[in-house]
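target-v1.csv follows (CSV, C-alpha atoms):
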```csv
chain,number,residue,atom,x,y,z
A,1,MET,CA,-30.2,-39.8,-104.0
A,2,LYS,CA,-28.2,-39.7,-100.8
A,3,VAL,CA,-29.7,-41.6,-97.8
A,4,TYR,CA,-28.1,-40.7,-94.5
A,5,ARG,CA,-28.1,-43.3,-91.8
A,6,ILE,CA,-29.0,-41.5,-88.5
A,7,ALA,CA,-28.8,-43.1,-85.1
A,8,LEU,CA,-31.2,-41.7,-82.6
A,9,VAL,CA,-30.2,-41.9,-78.9
A,10,PRO,CA,-32.8,-40.1,-76.9
A,11,GLY,CA,-31.2,-41.1,-73.6
A,12,ASP,CA,-33.0,-39.8,-70.5
A,13,GLY,CA,-35.5,-37.2,-69.4
A,14,ILE,CA,-36.5,-34.6,-71.9
A,15,GLY,CA,-34.1,-36.2,-74.4
A,16,LYS,CA,-37.0,-38.6,-75.1
A,17,GLU,CA,-39.1,-35.6,-76.2
A,18,VAL,CA,-36.6,-33.4,-78.1
A,19,VAL,CA,-34.9,-36.2,-80.1
A,20,PRO,CA,-38.3,-37.2,-81.7
A,21,ALA,CA,-38.8,-33.5,-82.4
A,22,GLY,CA,-35.4,-33.4,-84.2
A,23,ARG,CA,-36.4,-36.4,-86.2
A,24,ARG,CA,-39.5,-34.7,-87.3
A,25,LEU,CA,-37.5,-31.7,-88.5
A,26,LEU,CA,-35.3,-34.0,-90.6
A,27,GLU,CA,-38.3,-35.7,-92.0
A,28,ALA,CA,-39.8,-32.3,-92.9
A,29,LEU,CA,-36.6,-31.4,-94.7
A,30,ALA,CA,-36.6,-34.8,-96.5
A,31,ARG,CA,-40.1,-34.1,-97.8
A,32,THR,CA,-38.8,-31.0,-99.6
A,33,GLU,CA,-35.4,-32.3,-100.6
A,34,SER,CA,-35.4,-34.8,-103.4
A,35,ASP,CA,-31.7,-35.7,-103.0
A,36,CYS,CA,-31.5,-35.6,-99.2
A,37,GLN,CA,-33.2,-38.5,-97.3
A,38,PHE,CA,-32.7,-40.1,-93.9
A,39,ALA,CA,-32.9,-43.6,-92.5
A,40,PHE,CA,-33.4,-43.7,-88.8
A,41,GLU,CA,-32.6,-46.3,-86.2
A,42,GLU,CA,-33.4,-45.6,-82.5
A,43,PHE,CA,-31.2,-47.0,-79.7
A,44,PRO,CA,-33.1,-47.1,-76.3
A,45,TRP,CA,-30.0,-46.6,-74.2
A,46,GLY,CA,-29.9,-44.7,-71.0
A,47,ALA,CA,-31.0,-45.0,-67.4
A,48,ASP,CA,-34.0,-47.2,-68.2
A,49,PHE,CA,-31.7,-49.6,-70.1
A,50,TYR,CA,-29.3,-49.5,-67.0
A,51,ARG,CA,-32.1,-50.5,-64.7
A,52,ASN,CA,-32.9,-53.5,-66.8
A,53,HIS,CA,-29.3,-54.5,-67.9
A,54,GLY,CA,-26.9,-53.0,-65.4
A,55,VAL,CA,-25.2,-50.9,-68.2
A,56,MET,CA,-26.2,-47.7,-69.9
A,57,MET,CA,-25.5,-49.2,-73.3
A,58,PRO,CA,-24.5,-52.6,-74.5
A,59,ASP,CA,-20.9,-53.6,-74.9
A,60,ASP,CA,-21.3,-53.8,-78.7
A,61,GLY,CA,-23.1,-50.5,-78.9
A,62,LEU,CA,-20.2,-48.6,-80.4
A,63,GLU,CA,-19.9,-51.1,-83.2
A,64,ALA,CA,-23.6,-50.4,-84.1
A,65,LEU,CA,-23.0,-46.7,-84.1
A,66,LYS,CA,-19.9,-46.9,-86.3
A,67,ALA,CA,-22.2,-48.0,-89.2
A,68,LYS,CA,-24.1,-44.7,-89.1
A,69,ASP,CA,-23.4,-41.3,-90.8
A,70,ALA,CA,-24.4,-39.3,-87.7
A,71,ILE,CA,-25.9,-39.6,-84.2
A,72,LEU,CA,-28.6,-37.4,-82.7
A,73,PHE,CA,-28.4,-37.6,-79.0
A,74,GLY,CA,-30.8,-36.3,-76.3
A,75,SER,CA,-29.4,-36.3,-72.7
A,76,ALA,CA,-27.9,-38.5,-70.0
A,77,GLY,CA,-29.0,-38.2,-66.4
A,78,ASP,CA,-31.5,-39.7,-64.0
A,79,PRO,CA,-32.2,-38.8,-60.4
A,80,ALA,CA,-32.2,-42.4,-59.4
A,81,VAL,CA,-28.8,-43.3,-61.0
A,82,PRO,CA,-25.5,-41.7,-59.9
A,83,ASP,CA,-24.4,-39.0,-62.4
A,84,HIS,CA,-21.0,-40.5,-63.0
A,85,ILE,CA,-22.6,-43.7,-64.1
A,86,THR,CA,-25.0,-42.1,-66.6
A,87,LEU,CA,-22.4,-39.8,-68.0
A,88,TRP,CA,-19.5,-42.2,-68.3
A,89,GLY,CA,-21.7,-45.1,-69.3
A,90,LEU,CA,-23.3,-43.3,-72.3
A,91,ARG,CA,-22.3,-39.9,-73.5
A,92,LEU,CA,-18.6,-40.0,-72.7
A,93,LYS,CA,-18.4,-43.6,-73.8
A,94,ILE,CA,-19.6,-42.6,-77.2
A,95,CYS,CA,-17.5,-39.4,-77.5
A,96,GLN,CA,-14.3,-41.2,-76.4
A,97,GLY,CA,-15.1,-44.4,-78.2
A,98,LEU,CA,-15.7,-42.7,-81.5
A,99,ASP,CA,-12.8,-40.2,-81.0
A,100,GLN,CA,-15.2,-37.2,-81.2
A,101,TYR,CA,-12.4,-34.9,-79.9
A,102,ALA,CA,-13.8,-31.6,-81.1
A,103,ASN,CA,-16.8,-30.4,-79.3
A,104,VAL,CA,-18.2,-27.3,-81.0
A,105,ARG,CA,-20.9,-25.1,-79.4
A,106,PRO,CA,-22.1,-21.9,-81.3
A,107,ALA,CA,-23.7,-19.2,-79.2
A,108,ARG,CA,-25.5,-16.1,-80.6
A,109,ILE,CA,-28.6,-14.2,-79.8
A,110,LEU,CA,-31.4,-15.5,-82.0
A,111,PRO,CA,-34.1,-13.2,-83.3
A,112,GLY,CA,-36.8,-12.4,-80.7
A,113,ILE,CA,-34.8,-13.7,-77.8
A,114,ASP,CA,-34.5,-11.5,-74.7
A,115,ALA,CA,-30.9,-12.2,-73.7
A,116,PRO,CA,-29.7,-11.2,-70.2
A,117,LEU,CA,-27.0,-8.8,-71.5
A,118,LYS,CA,-29.1,-5.7,-72.0
A,119,ARG,CA,-26.2,-3.6,-73.2
A,120,CYS,CA,-25.2,-6.2,-75.7
A,121,GLY,CA,-26.1,-5.8,-79.4
A,122,VAL,CA,-27.2,-8.9,-81.3
A,123,GLU,CA,-23.9,-9.0,-83.2
A,124,ASP,CA,-21.8,-8.4,-80.1
A,125,LEU,CA,-22.5,-12.0,-79.0
A,126,ASN,CA,-21.8,-14.3,-81.9
A,127,TRP,CA,-19.3,-16.9,-80.6
A,128,VAL,CA,-18.3,-20.5,-81.3
A,129,MET,CA,-16.8,-22.4,-78.4
A,130,VAL,CA,-14.3,-25.3,-79.2
A,131,ARG,CA,-14.0,-27.8,-76.4
A,132,GLU,CA,-11.4,-30.5,-76.2
A,133,ASN,CA,-13.7,-33.5,-75.8
A,134,THR,CA,-11.7,-36.7,-75.1
A,135,GLU,CA,-9.0,-36.1,-72.6
A,136,GLY,CA,-7.9,-33.3,-70.1
A,137,GLU,CA,-9.9,-33.1,-66.9
A,138,TYR,CA,-12.4,-35.8,-68.2
A,139,SER,CA,-9.7,-38.3,-69.1
A,140,GLY,CA,-11.0,-40.7,-66.4
A,141,ALA,CA,-7.6,-41.2,-64.9
A,142,GLY,CA,-7.5,-41.4,-61.1
A,143,GLY,CA,-9.0,-43.5,-58.4
A,144,ARG,CA,-10.0,-44.0,-54.7
A,145,VAL,CA,-8.3,-45.9,-51.9
A,146,HIS,CA,-9.3,-46.7,-48.4
A,147,PRO,CA,-13.0,-45.8,-49.0
A,148,GLY,CA,-15.0,-44.9,-45.9
A,149,PHE,CA,-11.9,-44.6,-43.7
A,150,PRO,CA,-10.6,-41.2,-42.3
A,151,LEU,CA,-7.5,-41.6,-44.6
A,152,GLU,CA,-9.6,-42.1,-47.7
A,153,VAL,CA,-8.0,-40.5,-50.8
A,154,ALA,CA,-9.7,-39.7,-54.1
A,155,ALA,CA,-7.9,-38.4,-57.1
A,156,ASP,CA,-8.9,-37.3,-60.6
A,157,MET,CA,-6.0,-36.5,-62.9
A,158,SER,CA,-6.1,-34.2,-65.9
A,159,VAL,CA,-4.2,-35.9,-68.7
A,160,MET,CA,-3.2,-33.9,-71.7
A,161,THR,CA,-1.2,-35.3,-74.6
A,162,ARG,CA,0.8,-33.3,-77.1
A,163,ALA,CA,-1.2,-35.0,-79.9
A,164,GLY,CA,-4.5,-34.2,-78.3
A,165,VAL,CA,-3.7,-30.6,-77.6
A,166,GLU,CA,-2.2,-30.0,-81.1
A,167,ARG,CA,-5.2,-31.4,-82.9
A,168,ILE,CA,-7.8,-29.4,-81.0
A,169,GLN,CA,-5.7,-26.2,-81.2
A,170,ARG,CA,-5.2,-26.7,-84.9
A,171,PHE,CA,-9.0,-27.4,-85.3
A,172,ALA,CA,-9.8,-24.1,-83.5
A,173,PHE,CA,-7.4,-22.0,-85.5
A,174,ARG,CA,-8.7,-23.5,-88.7
A,175,LEU,CA,-12.3,-22.8,-87.6
A,176,ALA,CA,-11.3,-19.2,-86.6
A,177,ALA,CA,-9.7,-18.7,-90.0
A,178,SER,CA,-13.0,-19.7,-91.7
A,179,ARG,CA,-15.0,-17.1,-89.8
A,180,PRO,CA,-15.3,-13.4,-90.9
A,181,ARG,CA,-13.4,-12.0,-87.9
A,182,ARG,CA,-10.5,-14.5,-88.0
A,183,GLN,CA,-10.0,-14.2,-84.3
A,184,LEU,CA,-9.3,-16.8,-81.6
A,185,THR,CA,-9.1,-16.6,-77.8
A,186,VAL,CA,-7.2,-19.4,-76.1
A,187,VAL,CA,-8.5,-20.1,-72.6
A,188,THR,CA,-5.9,-21.2,-70.0
A,189,LYS,CA,-5.1,-21.5,-66.3
A,190,SER,CA,-1.3,-21.8,-66.7
A,191,ASN,CA,-0.6,-19.4,-63.8
A,192,ALA,CA,-1.8,-22.1,-61.3
A,193,GLN,CA,-1.6,-25.3,-63.3
A,194,ARG,CA,2.0,-25.2,-64.2
A,195,HIS,CA,2.5,-28.4,-66.2
A,196,ALA,CA,-0.3,-29.4,-68.5
A,197,MET,CA,-1.7,-25.9,-69.0
A,198,VAL,CA,1.8,-24.5,-69.7
A,199,MET,CA,2.1,-27.1,-72.4
A,200,TRP,CA,-1.3,-26.0,-73.7
A,201,ASP,CA,-0.1,-22.4,-74.0
A,202,GLU,CA,3.2,-23.4,-75.6
A,203,ILE,CA,1.4,-25.5,-78.2
A,204,ALA,CA,-1.0,-22.7,-79.0
A,205,CYS,CA,2.0,-20.5,-79.8
A,206,GLU,CA,3.4,-23.2,-82.0
A,207,VAL,CA,0.2,-23.8,-83.9
A,208,ALA,CA,-0.5,-20.1,-84.3
A,209,ARG,CA,2.5,-19.8,-86.6
A,210,GLU,CA,0.6,-22.0,-89.1
A,211,PHE,CA,-2.2,-19.4,-89.2
A,212,PRO,CA,-0.7,-15.9,-89.6
A,213,GLU,CA,-4.1,-14.7,-90.8
A,214,VAL,CA,-5.7,-15.4,-87.4
A,215,ALA,CA,-5.4,-12.8,-84.6
A,216,TRP,CA,-5.3,-14.6,-81.3
A,217,ASP,CA,-5.0,-13.9,-77.6
A,218,LYS,CA,-4.8,-15.8,-74.3
A,219,GLU,CA,-7.2,-15.4,-71.4
A,220,MET,CA,-7.2,-17.0,-67.9
A,221,VAL,CA,-10.4,-19.0,-67.4
A,222,ASP,CA,-11.5,-17.0,-64.4
A,223,ALA,CA,-11.0,-13.7,-66.2
A,224,MET,CA,-12.8,-15.2,-69.2
A,225,THR,CA,-16.1,-15.4,-67.3
A,226,ALA,CA,-16.0,-11.6,-66.7
A,227,ARG,CA,-14.9,-10.9,-70.3
A,228,MET,CA,-17.9,-12.8,-71.6
A,229,VAL,CA,-20.2,-10.7,-69.6
A,230,ASN,CA,-18.5,-7.3,-69.8
A,231,ARG,CA,-16.9,-7.4,-73.3
A,232,PRO,CA,-18.8,-9.9,-75.4
A,233,ALA,CA,-17.9,-8.1,-78.6
A,234,SER,CA,-14.2,-8.8,-78.0
A,235,LEU,CA,-14.7,-12.5,-78.5
A,236,ASP,CA,-15.4,-14.7,-81.6
A,237,THR,CA,-13.9,-18.2,-81.6
A,238,ILE,CA,-12.8,-19.7,-78.3
A,239,VAL,CA,-10.9,-22.8,-77.5
A,240,ALA,CA,-10.6,-24.4,-74.0
A,241,THR,CA,-10.0,-27.6,-72.2
A,242,ASN,CA,-12.7,-30.2,-71.6
A,243,LEU,CA,-13.7,-28.8,-68.1
A,244,HIS,CA,-13.1,-25.1,-68.8
A,245,ALA,CA,-15.2,-25.2,-72.0
A,246,ASP,CA,-17.9,-27.3,-70.4
A,247,ILE,CA,-18.5,-24.5,-67.9
A,248,LEU,CA,-17.9,-21.6,-70.2
A,249,SER,CA,-20.2,-23.0,-72.9
A,250,ASP,CA,-23.1,-23.1,-70.4
A,251,LEU,CA,-22.4,-19.5,-69.5
A,252,ALA,CA,-22.4,-18.7,-73.2
A,253,ALA,CA,-25.7,-20.3,-73.8
A,254,ALA,CA,-27.2,-18.6,-70.8
A,255,LEU,CA,-26.0,-15.2,-72.0
A,256,ALA,CA,-27.5,-15.9,-75.4
A,257,GLY,CA,-30.9,-16.5,-73.9
A,258,GLY,CA,-31.0,-19.9,-72.2
A,259,LEU,CA,-29.7,-23.5,-72.2
A,260,GLY,CA,-32.7,-24.6,-74.1
A,261,LEU,CA,-31.4,-22.8,-77.2
A,262,GLY,CA,-27.8,-24.2,-77.2
A,263,PRO,CA,-26.6,-26.8,-79.8
A,264,THR,CA,-23.6,-29.1,-79.7
A,265,ALA,CA,-21.5,-30.9,-82.3
A,266,ASN,CA,-19.2,-33.7,-81.0
A,267,LEU,CA,-17.0,-34.1,-84.1
A,268,ASN,CA,-14.6,-36.6,-85.4
A,269,PRO,CA,-13.2,-34.1,-87.9
A,270,GLU,CA,-11.3,-36.8,-89.9
A,271,ARG,CA,-14.7,-38.6,-90.4
A,272,VAL,CA,-13.2,-42.0,-89.5
A,273,TYR,CA,-16.2,-42.4,-87.1
A,274,PRO,CA,-19.6,-40.7,-87.1
A,275,SER,CA,-20.1,-37.5,-85.2
A,276,MET,CA,-22.8,-36.9,-82.6
A,277,PHE,CA,-25.1,-33.9,-82.2
A,278,GLU,CA,-27.0,-32.9,-79.1
A,279,PRO,CA,-28.7,-30.0,-77.4
A,280,ILE,CA,-26.6,-28.4,-74.6
A,281,HIS,CA,-29.3,-28.8,-71.9
A,282,GLY,CA,-29.5,-31.8,-69.6
A,283,SER,CA,-32.2,-34.3,-68.9
A,284,ALA,CA,-34.4,-31.8,-66.9
A,285,PHE,CA,-36.5,-34.4,-65.1
A,286,ASP,CA,-38.5,-31.6,-63.4
A,287,ILE,CA,-40.3,-30.9,-66.7
A,288,MET,CA,-40.1,-34.4,-68.3
A,289,GLY,CA,-43.4,-35.5,-69.8
A,290,LYS,CA,-45.1,-32.1,-69.5
A,291,GLY,CA,-44.5,-30.9,-73.1
A,292,LEU,CA,-42.5,-27.9,-71.8
A,293,ALA,CA,-39.0,-28.8,-73.2
A,294,ASN,CA,-37.6,-26.3,-75.7
A,295,PRO,CA,-36.7,-28.2,-78.9
A,296,ILE,CA,-34.7,-25.3,-80.4
A,297,GLY,CA,-31.3,-26.5,-79.1
A,298,THR,CA,-32.0,-29.9,-80.8
A,299,PHE,CA,-33.1,-28.2,-84.0
A,300,TRP,CA,-29.9,-26.1,-84.1
A,301,SER,CA,-28.0,-29.3,-83.4
A,302,VAL,CA,-29.7,-30.8,-86.5
A,303,VAL,CA,-28.4,-27.8,-88.4
A,304,LEU,CA,-24.9,-28.6,-87.3
A,305,MET,CA,-25.4,-32.2,-88.4
A,306,LEU,CA,-26.6,-31.1,-91.8
A,307,GLU,CA,-23.6,-28.8,-92.2
A,308,HIS,CA,-21.2,-31.7,-91.2
A,309,LEU,CA,-22.9,-34.0,-93.7
A,310,GLY,CA,-22.4,-31.4,-96.5
A,311,GLU,CA,-26.0,-30.5,-96.8
A,312,ALA,CA,-25.5,-26.7,-96.7
A,313,GLU,CA,-28.8,-25.8,-98.3
A,314,ALA,CA,-30.9,-28.0,-96.0
A,315,ALA,CA,-29.0,-26.6,-93.0
A,316,ARG,CA,-29.7,-23.0,-94.2
A,317,ARG,CA,-33.4,-23.7,-94.6
A,318,ALA,CA,-33.6,-25.3,-91.2
A,319,MET,CA,-31.8,-22.4,-89.5
A,320,ARG,CA,-34.0,-19.9,-91.2
A,321,ALA,CA,-37.1,-21.7,-89.9
A,322,ILE,CA,-35.6,-21.7,-86.4
A,323,GLU,CA,-35.0,-18.0,-86.5
A,324,GLN,CA,-38.5,-17.3,-87.8
A,325,ALA,CA,-39.9,-19.4,-84.9
A,326,THR,CA,-37.8,-17.7,-82.2
A,327,ALA,CA,-38.8,-14.3,-83.6
A,328,ASN,CA,-42.4,-15.1,-82.8
A,329,PRO,CA,-43.1,-14.7,-79.0
A,330,LYS,CA,-46.1,-17.0,-79.3
A,331,LEU,CA,-43.6,-19.8,-80.0
A,332,HIS,CA,-41.5,-19.3,-76.9
A,333,THR,CA,-41.5,-22.2,-74.4
A,334,PRO,CA,-41.7,-21.5,-70.7
A,335,ASP,CA,-37.9,-21.3,-70.3
A,336,LEU,CA,-38.1,-18.2,-72.6
A,337,GLY,CA,-41.0,-16.7,-70.7
A,338,GLY,CA,-43.7,-18.0,-73.1
A,339,SER,CA,-46.3,-20.7,-72.9
A,340,ALA,CA,-45.7,-22.7,-76.1
A,341,THR,CA,-45.3,-26.5,-75.9
A,342,THR,CA,-42.7,-28.7,-77.4
A,343,GLY,CA,-45.2,-30.0,-79.9
A,344,GLU,CA,-46.3,-26.5,-80.9
A,345,VAL,CA,-42.8,-25.3,-81.6
A,346,THR,CA,-42.0,-28.5,-83.5
A,347,GLU,CA,-45.1,-28.1,-85.6
A,348,ALA,CA,-44.3,-24.5,-86.4
A,349,VAL,CA,-40.7,-25.1,-87.4
A,350,CYS,CA,-41.6,-28.0,-89.6
A,351,ALA,CA,-44.4,-25.9,-91.2
A,352,LEU,CA,-41.9,-23.1,-91.9
A,353,VAL,CA,-39.6,-25.5,-93.6
A,354,GLY,CA,-42.4,-26.7,-95.8
A,355,ALA,CA,-43.6,-23.2,-96.6
A,356,ALA,CA,-40.1,-22.2,-97.5
A,357,ALA,CA,-39.9,-25.0,-100.0
A,358,LYS,CA,-43.1,-23.9,-101.7
A,359,ASN,CA,-41.9,-20.2,-101.8
A,360,PRO,CA,-38.1,-20.1,-101.7
A,361,LEU,CA,-38.0,-16.4,-102.4
A,362,ALA,CA,-39.7,-15.7,-99.1
A,363,THR,CA,-36.6,-16.9,-97.2
A,364,ALA,CA,-33.9,-15.8,-99.5
```

Encoding of this model in structure tokens:
Amino acid sequence: MKVYRIALVPGDGIGKEVVPAGRRLLEALARTESDCQFAFEEFPWGADFYRNHGVMMPDDGLEALKAKDAILFGSAGDPAVPDHITLWGLRLKICQGLDQYANVRPARILPGIDAPLKRCGVEDLNWVMVRENTEGEYSGAGGRVHPGFPLEVAADMSVMTRAGVERIQRFAFRLAASRPRRQLTVVTKSNAQRHAMVMWDEIACEVAREFPEVAWDKEMVDAMTARMVNRPASLDTIVATNLHADILSDLAAALAGGLGLGPTANLNPERVYPSMFEPIHGSAFDIMGKGLANPIGTFWSVVLMLEHLGEAEAARRAMRAIEQATANPKLHTPDLGGSATTGEVTEAVCALVGAAAKNPLATA
């Protein structure tokens, strides 16, 4: 029997509500899977930890995570703590420290979801966004001088390396080749950013020669926003830089029905370090503690985790339960126009997993 060691990092805000919901889904799956079990360890890092210790996570936190098979993460952000401290002190510290360079965010219209694109068929919006996750615009290079004076200067540098660009482009082409349409769109801004983004384009051309079965095109990031709205069926797999994909993936989630539905996988594809899985939404302090958080994005992130761990059947059963839940309007949380609570959706999805185990033909 395989026992997967899962780190739980709820973080801030509604992360403290949706991560326990994700754990419950994994426990429900474990009750029906004789060869798939989970051992959990929770790490209480985040803004509360920062208030008590002056850091978002301890200095040896990464070493503790390296012993795990996967990480389920909630969110980072607190109104009382500057955003750059919460982000760089926790989420980005984990992503960069564990070389989780491939950020993968699927987006499609789930059953029963009223998506904003009324002219869009369900199959017209079925994308996967690949985001470079450790360098680029979020490399952390830069600084400030003469703070508070009229001549104050602040600079953030986008740093791209050939090795970093090659590996994310190759990952994206390989992912595109595994999907039915075998199609990739490379997002760029090389008309204005004439150094790093030109290298990005050149490397895309080089890597493309390794994947003759993949049809690919290039799109400027500003034009990409219009294409996602006006021609969603023209897209399938998308690769972009850290900043560009950060923005575009939120748009993708919104077009598919809302940020509460979106999942994320922060992958170390070589599996030298554990990968981290999280919902796309933020800490949402305005609804914290009210039982209104949508756990679907976390549940879908659990599916990505299971797929990464090689548990394809458990992932399929969890995804089927998610789709059955979203197809029922009574299980829509307020962000989807319903009145269901976090707990009610969690109970329903876990019950659907259990029911499927008793009657596997019903979900075949």

Give me, as CSV, the closest atom pair and its distance (Å, one decimal) for every residue of segment 63-125 of chain A within a cut-off of 10 Å of segment 242-254 of chain A, counting all atoms listed in the file, rows sorted by chain and rising number.
```
residue,atom,partner,partner_atom,distance
A:Tyr101,CA,A:Asn242,CA,9.5
A:Ala102,CA,A:Asn242,CA,9.7
A:Asn103,CA,A:Asn242,CA,8.7
A:Val104,CA,A:Ser249,CA,9.4
A:Arg105,CA,A:Ser249,CA,6.9
A:Pro106,CA,A:Ala253,CA,8.5
A:Ala107,CA,A:Ala253,CA,5.9
A:Arg108,CA,A:Ala253,CA,8.0
A:Ile109,CA,A:Ala253,CA,9.0
A:Ala115,CA,A:Ala254,CA,7.9
A:Pro116,CA,A:Ala254,CA,7.8
A:Leu117,CA,A:Ala254,CA,9.8
A:Leu125,CA,A:Ala252,CA,8.9
```

Selection from above, C-alpha atoms, as a PDB file, in the frame of the given file, can you write it?
```pdb
ATOM      1  CA  TYR A 101     -12.400 -34.900 -79.900  1.00  0.00           C
ATOM      2  CA  ALA A 102     -13.800 -31.600 -81.100  1.00  0.00           C
ATOM      3  CA  ASN A 103     -16.800 -30.400 -79.300  1.00  0.00           C
ATOM      4  CA  VAL A 104     -18.200 -27.300 -81.000  1.00  0.00           C
ATOM      5  CA  ARG A 105     -20.900 -25.100 -79.400  1.00  0.00           C
ATOM      6  CA  PRO A 106     -22.100 -21.900 -81.300  1.00  0.00           C
ATOM      7  CA  ALA A 107     -23.700 -19.200 -79.200  1.00  0.00           C
ATOM      8  CA  ARG A 108     -25.500 -16.100 -80.600  1.00  0.00           C
ATOM      9  CA  ILE A 109     -28.600 -14.200 -79.800  1.00  0.00           C
ATOM     10  CA  ALA A 115     -30.900 -12.200 -73.700  1.00  0.00           C
ATOM     11  CA  PRO A 116     -29.700 -11.200 -70.200  1.00  0.00           C
ATOM     12  CA  LEU A 117     -27.000  -8.800 -71.500  1.00  0.00           C
ATOM     13  CA  LEU A 125     -22.500 -12.000 -79.000  1.00  0.00           C
TER      14      LEU A 125
END
```

* To do: Compare A:Asn230, A:Thr326, A:Asn133, A:Ser158 by their minimum atom-to-atom distance to Gly257 of chain A, counting all atoms listed in the file, and give me the closest one.
  =>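 So, comparing all the options, the nearest one is A:Thr326.
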
* **Residues near Gln324 of chain A, cut-off 8 Å, all atoms listed in the file, skip fewer than 4 positions along chain, as a PyMOL selection string** => chain A and resi 111+320+328+352

* Pick the closest to Trp45 of chain A from A:Leu331, A:Val18, A:Leu90, A:Ile85: which is it, counting all atoms listed in the file? ->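 Closest to Trp45 of chain A of all the choices is A:Leu90.
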
* Long-range neighbours of Ala315 of chain A as a PyMOL selection string, 8 Å cut-off, all atoms listed in the file, 2 positions minimum in chain -> chain A and resi 302-304+306-307+311-313+317-319

* To do: Find the residues near segment 91-98 of chain A: any atom within 7 Å, counting only C-alpha atoms, skip ones fewer than 2 places away on the same chain, and give them as a list in words.
  => Leu62, Ala76, Leu87, Trp88, Gly89, Gln100, Thr134, Asn266 and Tyr273 of chain A

For the selection you just gave me, I'd like the residues written to a file as an mmCIF file, keeping the file's coordinate frame, keeping C-alpha atoms.
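The result, stored in selection03.cif:
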```cif
data_model
loop_
_atom_site.group_PDB
_atom_site.id
_atom_site.type_symbol
_atom_site.label_atom_id
_atom_site.label_comp_id
_atom_site.auth_asym_id
_atom_site.auth_seq_id
_atom_site.Cartn_x
_atom_site.Cartn_y
_atom_site.Cartn_z
ATOM 1 C CA LEU A 62 -20.200 -48.600 -80.400
ATOM 2 C CA ALA A 76 -27.900 -38.500 -70.000
ATOM 3 C CA LEU A 87 -22.400 -39.800 -68.000
ATOM 4 C CA TRP A 88 -19.500 -42.200 -68.300
ATOM 5 C CA GLY A 89 -21.700 -45.100 -69.300
ATOM 6 C CA GLN A 100 -15.200 -37.200 -81.200
ATOM 7 C CA THR A 134 -11.700 -36.700 -75.100
ATOM 8 C CA ASN A 266 -19.200 -33.700 -81.000
ATOM 9 C CA TYR A 273 -16.200 -42.400 -87.100
#
```

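Using only C-alpha atoms, the nearest neighbour of Thr333 of chain A within the list A:Met199, A:Ala80, A:Ile113, A:Ala192 is A:Ile113.
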
* Asked: Out of A:Glu213, A:Glu278, A:Glu202, A:Asp124, which residue has the shortest atom-to-atom distance to Arg162 of chain A when counting only C-alpha atoms?
  -> A:Glu202

* Counting only C-alpha atoms, the option among A:Pro274, A:Gly46, A:Pro147, A:Gly142 closest to Lys66 of chain A ->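 Closest candidate: A:Pro274.
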
* Atomic separation - atom CA of Asp12 of chain A relative to atom CA of Asp83 of chain A, Å -> 11.8 Å

* To do: May I ask which of the residues A:Cys205, A:Ala265, A:Ala314, A:Ala293 is the closest one to Thr341 of chain A, counting only C-alpha atoms?
  =>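 So, comparing all the options, the nearest one is A:Ala293.
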
Please complete segment 177-187 of chain A so it has N, CA and C atoms, and hand it over as a PDB file, in the coordinates of the input.
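Just written: selection-v1.pdb:
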```pdb
ATOM      1  N   ALA A 177     -10.093 -19.223 -88.712  1.00  0.00           N
ATOM      2  CA  ALA A 177      -9.700 -18.700 -90.000  1.00  0.00           C
ATOM      3  C   ALA A 177     -10.859 -18.703 -91.007  1.00  0.00           C
ATOM      4  N   SER A 178     -11.839 -19.575 -90.791  1.00  0.00           N
ATOM      5  CA  SER A 178     -13.000 -19.700 -91.700  1.00  0.00           C
ATOM      6  C   SER A 178     -14.084 -18.673 -91.382  1.00  0.00           C
ATOM      7  N   ARG A 179     -14.004 -18.022 -90.236  1.00  0.00           N
ATOM      8  CA  ARG A 179     -15.000 -17.100 -89.800  1.00  0.00           C
ATOM      9  C   ARG A 179     -14.618 -15.653 -90.195  1.00  0.00           C
ATOM     10  N   PRO A 180     -15.585 -14.760 -90.383  1.00  0.00           N
ATOM     11  CA  PRO A 180     -15.300 -13.400 -90.900  1.00  0.00           C
ATOM     12  C   PRO A 180     -14.228 -12.655 -90.075  1.00  0.00           C
ATOM     13  N   ARG A 181     -14.255 -12.767 -88.750  1.00  0.00           N
ATOM     14  CA  ARG A 181     -13.400 -12.000 -87.900  1.00  0.00           C
ATOM     15  C   ARG A 181     -11.966 -12.537 -87.791  1.00  0.00           C
ATOM     16  N   ARG A 182     -11.810 -13.814 -88.079  1.00  0.00           N
ATOM     17  CA  ARG A 182     -10.500 -14.500 -88.000  1.00  0.00           C
ATOM     18  C   ARG A 182      -9.812 -14.169 -86.681  1.00  0.00           C
ATOM     19  N   GLN A 183     -10.500 -14.497 -85.613  1.00  0.00           N
ATOM     20  CA  GLN A 183     -10.000 -14.200 -84.300  1.00  0.00           C
ATOM     21  C   GLN A 183     -10.236 -15.356 -83.344  1.00  0.00           C
ATOM     22  N   LEU A 184      -9.249 -15.651 -82.519  1.00  0.00           N
ATOM     23  CA  LEU A 184      -9.300 -16.800 -81.600  1.00  0.00           C
ATOM     24  C   LEU A 184      -8.831 -16.370 -80.225  1.00  0.00           C
ATOM     25  N   THR A 185      -9.543 -16.800 -79.195  1.00  0.00           N
ATOM     26  CA  THR A 185      -9.100 -16.600 -77.800  1.00  0.00           C
ATOM     27  C   THR A 185      -8.819 -18.009 -77.230  1.00  0.00           C
ATOM     28  N   VAL A 186      -7.621 -18.191 -76.715  1.00  0.00           N
ATOM     29  CA  VAL A 186      -7.200 -19.400 -76.100  1.00  0.00           C
ATOM     30  C   VAL A 186      -7.366 -19.293 -74.591  1.00  0.00           C
ATOM     31  N   VAL A 187      -8.216 -20.117 -74.008  1.00  0.00           N
ATOM     32  CA  VAL A 187      -8.500 -20.100 -72.600  1.00  0.00           C
ATOM     33  C   VAL A 187      -7.495 -20.966 -71.847  1.00  0.00           C
TER      34      VAL A 187
END
```
